[in-house]
Amino acid sequence: MNMVHDYEIKSYFVNFESKDIVMNISDDEKEKQIIFHNFLCYKFYDEMPYSIILDLEERVLDKFFIENKELLIQGKKNVWPMRYNSLEELEEEIRKEHMTYQVLYSSYGLNGWVLSESVEIKEMN
């Protein structure tokens with residue numbers, strides 16, 4: 001999704017009630033929002049002002065389980081991202097919800113991923 005390449009992340013907010021994450025981004029000419037709808041879980045790293053997006057990539061769900069296996073094992077004791085008895089059970093539940101795995105890369109600052117039902121990029125002006 002190079003529609004957001006070189007955009008600066010101005011702010012983001014997480015609405016746990018509606019299960020949306022909204023990122024307000026801009027370049028020199030346009031303002032946009034990246035909206036992750038009906039998210040299950042997310043991890044952001046290196047949050048800092050003036051973060052510049054390199055890319056937003058949708059990866060196959062199989063990669064989510066491979067790339068985050070240790071995180072999921074550690075999260076189990078805190079009932080994260082949900083209550084489950086085994087990784088197989090967690091994977092089955094996530095697949096049943098038709099989640100997408102969105103990975104956010106930056107050239108500077110905030111990186112991370114979101115597991116959500118869908119993602120939308122909306123032009124603001």
# chains A, B, ... in the order shown; residues from 1 in each chain; ligands from 1
>>> residues_around(residues="Lys32 in chain A", least_positions_apart="2", cutoff="9 Å", atoms="only C-alpha atoms", output="VMD selection string")
chain A and resid 4 7 23 to 27 30 34 121 to 125
>>> select_by_dssp(residues="range 37-99 of chain A", states="strand (DSSP E)", output="ChimeraX atom specification")
/A:37-45,52-59
>>> select_by_dssp(residues="chain A", states="alpha helix (DSSP H)", output="ChimeraX atom specification")
/A:61-67,69-76,87-96
>>> write_last_selection(atoms="C-alpha atoms", output="mmCIF file, in the first residue's frame")
data_model
loop_
_atom_site.group_PDB
_atom_site.id
_atom_site.type_symbol
_atom_site.label_atom_id
_atom_site.label_comp_id
_atom_site.auth_asym_id
_atom_site.auth_seq_id
_atom_site.Cartn_x
_atom_site.Cartn_y
_atom_site.Cartn_z
ATOM 1 C CA LEU A 61 -2.167 -14.720 8.165
ATOM 2 C CA ASP A 62 0.218 -17.689 8.313
ATOM 3 C CA LYS A 63 3.077 -15.216 8.767
ATOM 4 C CA PHE A 64 1.367 -13.643 11.773
ATOM 5 C CA PHE A 65 1.540 -16.915 13.676
ATOM 6 C CA ILE A 66 5.143 -17.579 12.636
ATOM 7 C CA GLU A 67 6.464 -14.057 13.262
ATOM 8 C CA LYS A 69 4.807 -17.077 18.068
ATOM 9 C CA GLU A 70 6.877 -16.105 21.112
ATOM 10 C CA LEU A 71 4.723 -13.042 21.750
ATOM 11 C CA LEU A 72 1.581 -15.187 21.625
ATOM 12 C CA ILE A 73 3.082 -17.762 23.992
ATOM 13 C CA GLN A 74 4.010 -14.995 26.463
ATOM 14 C CA GLY A 75 0.612 -13.332 26.072
ATOM 15 C CA LYS A 76 -1.290 -16.477 27.019
ATOM 16 C CA LEU A 87 -1.809 -21.885 19.948
ATOM 17 C CA GLU A 88 -3.841 -24.120 17.662
ATOM 18 C CA GLU A 89 -7.060 -22.996 19.338
ATOM 19 C CA LEU A 90 -6.007 -19.341 19.070
ATOM 20 C CA GLU A 91 -5.165 -19.740 15.391
ATOM 21 C CA GLU A 92 -8.521 -21.380 14.724
ATOM 22 C CA GLU A 93 -10.403 -18.538 16.459
ATOM 23 C CA ILE A 94 -8.464 -15.839 14.584
ATOM 24 C CA ARG A 95 -9.024 -17.531 11.231
ATOM 25 C CA LYS A 96 -12.724 -17.868 12.014
#
>>> residues_around(residues="Cys41 in chain A", least_positions_apart="4", cutoff="12 Å", atoms="only C-alpha atoms", output="number ranges by chain")
A: 14-16, 19-21, 36-37, 64, 68, 71-72, 75, 79-82, 94, 99-102, 112-117
>>> closest_residue(among="A:Ile35, A:Ile53, A:Ile9, A:Leu104", to="Glu120 in chain A", atoms="only C-alpha atoms")
A:Ile35
>>> atom_distance(atom1="CA of Tyr42 in chain A", atom2="CA of Ser107 in chain A")
19.5 Å
>>> residues_around(residues="Met48 in chain A", least_positions_apart="4", cutoff="12 Å", atoms="only C-alpha atoms", output="number ranges by chain")
A: 8-12, 44, 52, 106, 108-111
>>> write_last_selection(atoms="C-alpha atoms", output="compact mmCIF listing (two decimals), in the first residue's frame")
# COMPACT_ATOMS: atom_id res chain seq x y z
CA GLU A 8 4.20 11.49 8.72
CA ILE A 9 2.16 10.02 11.56
CA LYS A 10 0.61 13.02 13.31
CA SER A 11 -1.43 11.07 15.85
CA TYR A 12 -3.27 7.85 16.41
CA PHE A 44 3.54 -0.70 18.00
CA ILE A 52 7.62 8.61 8.75
CA SER A 106 8.68 3.25 8.94
CA TYR A 108 11.87 6.73 11.02
CA GLY A 109 10.00 6.02 14.23
CA LEU A 110 6.84 3.98 14.78
CA ASN A 111 6.75 0.42 13.44
>>> closest_residue(among="A:Asn78, A:Glu17, A:Tyr105, A:Val60", to="Leu40 in chain A", atoms="only C-alpha atoms")
A:Glu17
>>> closest_residue(among="A:His5, A:Val103, A:Ser118, A:Glu97", to="Ser51 in chain A", atoms="only C-alpha atoms")
A:His5
